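run_1.pdb, holding PDB, C-alpha atoms, pLDDT in the B column:
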```
MODEL        1
ATOM      1  CA  MET B 223      45.439 -21.304 -23.231  1.00 82.00           C
ATOM      2  CA  LYS B 224      42.223 -19.784 -21.899  1.00 87.00           C
ATOM      3  CA  ARG B 225      40.722 -19.786 -25.385  1.00 87.00           C
ATOM      4  CA  PHE B 226      41.614 -23.454 -25.869  1.00 90.00           C
ATOM      5  CA  LEU B 227      40.000 -24.411 -22.551  1.00 91.00           C
ATOM      6  CA  ILE B 228      36.829 -22.520 -23.453  1.00 89.00           C
ATOM      7  CA  ASN B 229      36.795 -24.241 -26.851  1.00 89.00           C
ATOM      8  CA  TRP B 230      37.221 -27.611 -25.114  1.00 92.00           C
ATOM      9  CA  LEU B 231      34.309 -26.857 -22.774  1.00 92.00           C
ATOM     10  CA  VAL B 232      32.091 -25.819 -25.693  1.00 92.00           C
ATOM     11  CA  LEU B 233      33.017 -28.973 -27.625  1.00 92.00           C
ATOM     12  CA  THR B 234      32.341 -31.113 -24.545  1.00 94.00           C
ATOM     13  CA  ILE B 235      28.833 -29.700 -24.247  1.00 94.00           C
ATOM     14  CA  ALA B 236      28.268 -30.111 -27.995  1.00 93.00           C
ATOM     15  CA  ALA B 237      29.547 -33.708 -27.915  1.00 95.00           C
ATOM     16  CA  GLY B 238      27.248 -34.446 -24.976  1.00 95.00           C
ATOM     17  CA  VAL B 239      24.264 -33.204 -26.952  1.00 95.00           C
ATOM     18  CA  MET B 240      25.437 -35.181 -29.992  1.00 95.00           C
ATOM     19  CA  VAL B 241      25.716 -38.432 -28.019  1.00 95.00           C
ATOM     20  CA  ALA B 242      22.346 -37.833 -26.359  1.00 95.00           C
ATOM     21  CA  LEU B 243      20.585 -37.288 -29.703  1.00 95.00           C
ATOM     22  CA  LEU B 244      22.221 -39.935 -31.894  1.00 95.00           C
ATOM     23  CA  PRO B 245      21.706 -43.650 -31.282  1.00 95.00           C
ATOM     24  CA  GLY B 246      24.726 -44.381 -33.494  1.00 93.00           C
ATOM     25  CA  MET B 247      27.106 -42.924 -30.903  1.00 94.00           C
ATOM     26  CA  GLN B 248      27.815 -44.437 -27.520  1.00 94.00           C
ATOM     27  CA  VAL B 249      29.935 -43.219 -24.640  1.00 96.00           C
ATOM     28  CA  LYS B 250      32.347 -45.646 -23.017  1.00 94.00           C
ATOM     29  CA  GLY B 251      33.615 -44.734 -19.592  1.00 88.00           C
ATOM     30  CA  GLU B 252      32.440 -44.282 -16.051  1.00 89.00           C
ATOM     31  CA  PRO B 253      31.147 -41.636 -15.466  1.00 92.00           C
ATOM     32  CA  PRO B 254      30.131 -40.971 -19.084  1.00 93.00           C
ATOM     33  CA  ILE B 255      31.274 -37.344 -18.956  1.00 94.00           C
ATOM     34  CA  LEU B 256      34.882 -38.587 -18.858  1.00 95.00           C
ATOM     35  CA  GLY B 257      34.435 -40.305 -22.221  1.00 95.00           C
ATOM     36  CA  ILE B 258      32.840 -37.213 -23.707  1.00 96.00           C
ATOM     37  CA  ALA B 259      35.523 -34.923 -22.247  1.00 96.00           C
ATOM     38  CA  ALA B 260      38.357 -37.132 -23.559  1.00 96.00           C
ATOM     39  CA  PHE B 261      36.807 -37.253 -27.033  1.00 96.00           C
ATOM     40  CA  SER B 262      36.266 -33.479 -26.967  1.00 96.00           C
ATOM     41  CA  LEU B 263      39.838 -32.853 -25.831  1.00 96.00           C
ATOM     42  CA  PHE B 264      41.209 -34.584 -28.898  1.00 96.00           C
ATOM     43  CA  MET B 265      38.628 -32.912 -31.157  1.00 94.00           C
ATOM     44  CA  ALA B 266      39.772 -29.532 -29.804  1.00 94.00           C
ATOM     45  CA  LEU B 267      43.433 -30.422 -30.355  1.00 95.00           C
ATOM     46  CA  ILE B 268      42.729 -31.590 -33.907  1.00 94.00           C
ATOM     47  CA  ASN B 269      40.610 -28.509 -34.667  1.00 90.00           C
ATOM     48  CA  ALA B 270      43.359 -26.217 -33.383  1.00 90.00           C
ATOM     49  CA  SER B 271      46.262 -27.915 -35.113  1.00 93.00           C
ATOM     50  CA  ILE B 272      45.847 -29.963 -38.270  1.00 93.00           C
ATOM     51  CA  LYS B 273      42.238 -29.486 -39.367  1.00 89.00           C
ATOM     52  CA  PRO B 274      42.679 -26.031 -40.978  1.00 89.00           C
ATOM     53  CA  ILE B 275      45.727 -27.191 -42.928  1.00 94.00           C
ATOM     54  CA  VAL B 276      44.092 -30.386 -44.177  1.00 93.00           C
ATOM     55  CA  HIS B 277      40.898 -28.586 -45.194  1.00 88.00           C
ATOM     56  CA  MET B 278      42.934 -25.966 -47.066  1.00 92.00           C
ATOM     57  CA  LEU B 279      44.929 -28.626 -48.928  1.00 94.00           C
ATOM     58  CA  ALA B 280      41.763 -30.570 -49.754  1.00 92.00           C
ATOM     59  CA  LEU B 281      39.767 -27.517 -50.870  1.00 91.00           C
ATOM     60  CA  PRO B 282      40.116 -28.174 -54.642  1.00 92.00           C
ATOM     61  CA  PHE B 283      38.955 -31.773 -54.194  1.00 90.00           C
ATOM     62  CA  SER B 284      36.094 -30.647 -51.950  1.00 88.00           C
ATOM     63  CA  LEU B 285      34.932 -28.218 -54.611  1.00 89.00           C
ATOM     64  CA  LEU B 286      35.111 -30.864 -57.328  1.00 92.00           C
ATOM     65  CA  SER B 287      33.214 -33.375 -55.214  1.00 91.00           C
ATOM     66  CA  PHE B 288      30.611 -30.843 -54.001  1.00 88.00           C
ATOM     67  CA  GLY B 289      31.828 -31.121 -50.407  1.00 84.00           C
ATOM     68  CA  PHE B 290      32.045 -34.889 -50.087  1.00 88.00           C
ATOM     69  CA  VAL B 291      35.794 -34.736 -49.384  1.00 90.00           C
ATOM     70  CA  ALA B 292      35.121 -32.328 -46.505  1.00 88.00           C
ATOM     71  CA  LEU B 293      32.661 -34.857 -45.054  1.00 87.00           C
ATOM     72  CA  LEU B 294      35.304 -37.576 -45.351  1.00 90.00           C
ATOM     73  CA  ILE B 295      37.859 -35.390 -43.578  1.00 91.00           C
ATOM     74  CA  ASN B 296      35.437 -34.616 -40.744  1.00 89.00           C
ATOM     75  CA  TRP B 297      34.651 -38.325 -40.395  1.00 91.00           C
ATOM     76  CA  MET B 298      38.349 -39.195 -40.259  1.00 93.00           C
ATOM     77  CA  PHE B 299      39.006 -36.543 -37.604  1.00 93.00           C
ATOM     78  CA  MET B 300      36.111 -37.785 -35.465  1.00 93.00           C
ATOM     79  CA  GLU B 301      37.399 -41.342 -35.781  1.00 94.00           C
ATOM     80  CA  LEU B 302      40.915 -40.142 -34.952  1.00 96.00           C
ATOM     81  CA  ALA B 303      39.683 -38.295 -31.859  1.00 95.00           C
ATOM     82  CA  SER B 304      37.773 -41.388 -30.755  1.00 95.00           C
ATOM     83  CA  TRP B 305      40.779 -43.644 -31.292  1.00 96.00           C
ATOM     84  CA  LEU B 306      43.117 -41.260 -29.426  1.00 97.00           C
ATOM     85  CA  ALA B 307      40.718 -40.995 -26.490  1.00 96.00           C
ATOM     86  CA  PHE B 308      40.525 -44.774 -26.182  1.00 96.00           C
ATOM     87  CA  SER B 309      44.281 -45.176 -26.674  1.00 96.00           C
ATOM     88  CA  PHE B 310      45.288 -42.661 -24.023  1.00 96.00           C
ATOM     89  CA  PHE B 311      42.454 -42.795 -21.486  1.00 94.00           C
ATOM     90  CA  ASP B 312      40.427 -45.993 -22.179  1.00 94.00           C
ATOM     91  CA  VAL B 313      37.278 -43.864 -22.425  1.00 96.00           C
ATOM     92  CA  GLY B 314      35.667 -42.090 -25.350  1.00 94.00           C
ATOM     93  CA  VAL B 315      32.867 -42.015 -27.876  1.00 95.00           C
ATOM     94  CA  VAL B 316      32.194 -44.946 -30.205  1.00 95.00           C
ATOM     95  CA  ILE B 317      31.018 -43.870 -33.661  1.00 94.00           C
ATOM     96  CA  ASN B 318      29.014 -46.512 -35.532  1.00 93.00           C
ATOM     97  CA  GLY B 319      29.616 -45.458 -39.115  1.00 89.00           C
ATOM     98  CA  PHE B 320      30.196 -42.668 -41.557  1.00 89.00           C
ATOM     99  CA  TRP B 321      26.690 -41.192 -41.631  1.00 91.00           C
ATOM    100  CA  TRP B 322      26.500 -41.053 -37.829  1.00 94.00           C
ATOM    101  CA  SER B 323      29.676 -38.992 -37.860  1.00 91.00           C
ATOM    102  CA  VAL B 324      28.211 -36.686 -40.512  1.00 90.00           C
ATOM    103  CA  LEU B 325      25.113 -36.131 -38.370  1.00 93.00           C
ATOM    104  CA  GLY B 326      27.326 -35.790 -35.304  1.00 92.00           C
ATOM    105  CA  SER B 327      29.451 -33.130 -37.009  1.00 90.00           C
ATOM    106  CA  LEU B 328      26.328 -31.234 -37.972  1.00 90.00           C
ATOM    107  CA  ILE B 329      24.939 -31.366 -34.429  1.00 92.00           C
ATOM    108  CA  MET B 330      28.284 -30.395 -32.888  1.00 91.00           C
ATOM    109  CA  SER B 331      28.588 -27.430 -35.266  1.00 88.00           C
ATOM    110  CA  ILE B 332      25.098 -26.162 -34.518  1.00 91.00           C
ATOM    111  CA  VAL B 333      25.384 -26.582 -30.748  1.00 92.00           C
ATOM    112  CA  SER B 334      28.887 -25.052 -30.688  1.00 89.00           C
ATOM    113  CA  SER B 335      27.660 -22.051 -32.663  1.00 89.00           C
ATOM    114  CA  ILE B 336      24.705 -21.545 -30.337  1.00 92.00           C
ATOM    115  CA  ILE B 337      26.830 -21.818 -27.196  1.00 89.00           C
ATOM    116  CA  SER B 338      29.521 -19.538 -28.618  1.00 83.00           C
ATOM    117  CA  GLY B 339      26.895 -16.999 -29.614  1.00 86.00           C
ATOM    118  CA  VAL B 340      25.229 -17.020 -26.212  1.00 87.00           C
ATOM    119  CA  PHE B 341      28.468 -16.680 -24.263  1.00 77.00           C
ATOM    120  CA  GLY B 342      30.206 -14.423 -26.776  1.00 71.00           C
ATOM    121  CA  LYS B 343      33.204 -16.669 -27.395  1.00 59.00           C
TER
ENDMDL
END
```
Can you dump the structure from the file as structure tokens?
Amino acid sequence: MKRFLINWLVLTIAAGVMVALLPGMQVKGEPPILGIAAFSLFMALINASIKPIVHMLALPFSLLSFGFVALLINWMFMELASWLAFSFFDVGVVINGFWWSVLGSLIMSIVSSIISGVFGK
């Protein structure tokens, strides 16, 4: 449980950086940190549960498409996390298209790696 909470905190920080840097992502909610935290909660749940299985099943298609299928999966999971956050809490992050989610995934990965490296997660 402790590891999940730390992962959620790291993803919340990374999502905050992502939303701050990308004009194609907007936070809905007051205060905005609630929208980011709700989105990050569902991203953490997805990353811990179904993402590894889906990526493993899609690996042959990802290899054949030079990684495009992996980008599609990441986009779908970001959209799913956004939809779940709005459905359950009426706050979240609005993603304005596929390429914004690709850039958002890249930024979240980089920031998460930096934070995890600094704090030794």
Please return as a VMD selection string every residue within 12 Å of (26.0, -26.3, -33.2), taking into account only C-alpha atoms and the file's own coordinates. chain B and resid 232 to 240 325 to 340
Can you tell me which residues surround Ala303 (chain B) at a distance of at most 10 Å, considering all atoms listed in the file, apart from same-chain residues fewer than 4 positions away, and format the answer as an MDAnalysis selection string? chainID B and resid 260:268 297:299 307:309 314:315
Residues within 9 Å of Ile295 (chain B), please, as a list in words. Count all atoms listed in the file; anything in the same chain fewer than 2 positions from it doesn't count. Lys273, Val276, His277, Ala280, Phe290, Val291, Ala292, Leu293, Trp297, Met298, Phe299 and Met300 of chain B
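Ranking B:Gly319, B:Ala270, B:Asp312, B:Phe288 by their shortest atom-to-atom distance to Phe226 (chain B), with only C-alpha atoms included, puts B:Ala270 first.
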Output check: residues returned by the PyMOL selection byres ((chain B and resi 316) around 9), as a PyMOL selection string: chain B and resi 246-250+301+304-305+314-315+317-318
Using all atoms listed in the file for the distances, tell me which of B:Gly289, B:Pro245, B:Gly257, B:Gly342 is nearest to Leu306 (chain B).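 Residue with the minimum atom-to-atom distance to Leu306 (chain B): B:Gly257.
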Kindly indicate which residue among B:Trp322, B:Val313, B:Leu279, B:Ile228 lies nearest to Pro254 (chain B), using only C-alpha atoms for the distances.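 That would be B:Val313, the residue with the smallest distance to Pro254 (chain B).
Coordinates place CA of Trp321 (chain B) at a distance of 14.0 Å from CA of Leu243 (chain B).
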Which residue out of B:Ile272, B:Leu231, B:Met223, B:Met278 has the minimum interatomic distance to Ile258 (chain B) when only C-alpha atoms are used?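 Result for the nearest residue to Ile258 (chain B): B:Leu231.
Using all atoms listed in the file for every distance, the candidate list B:Trp230, B:Phe320, B:Phe283, B:Phe310 yields B:Trp230 as the residue closest to Asn269 (chain B).
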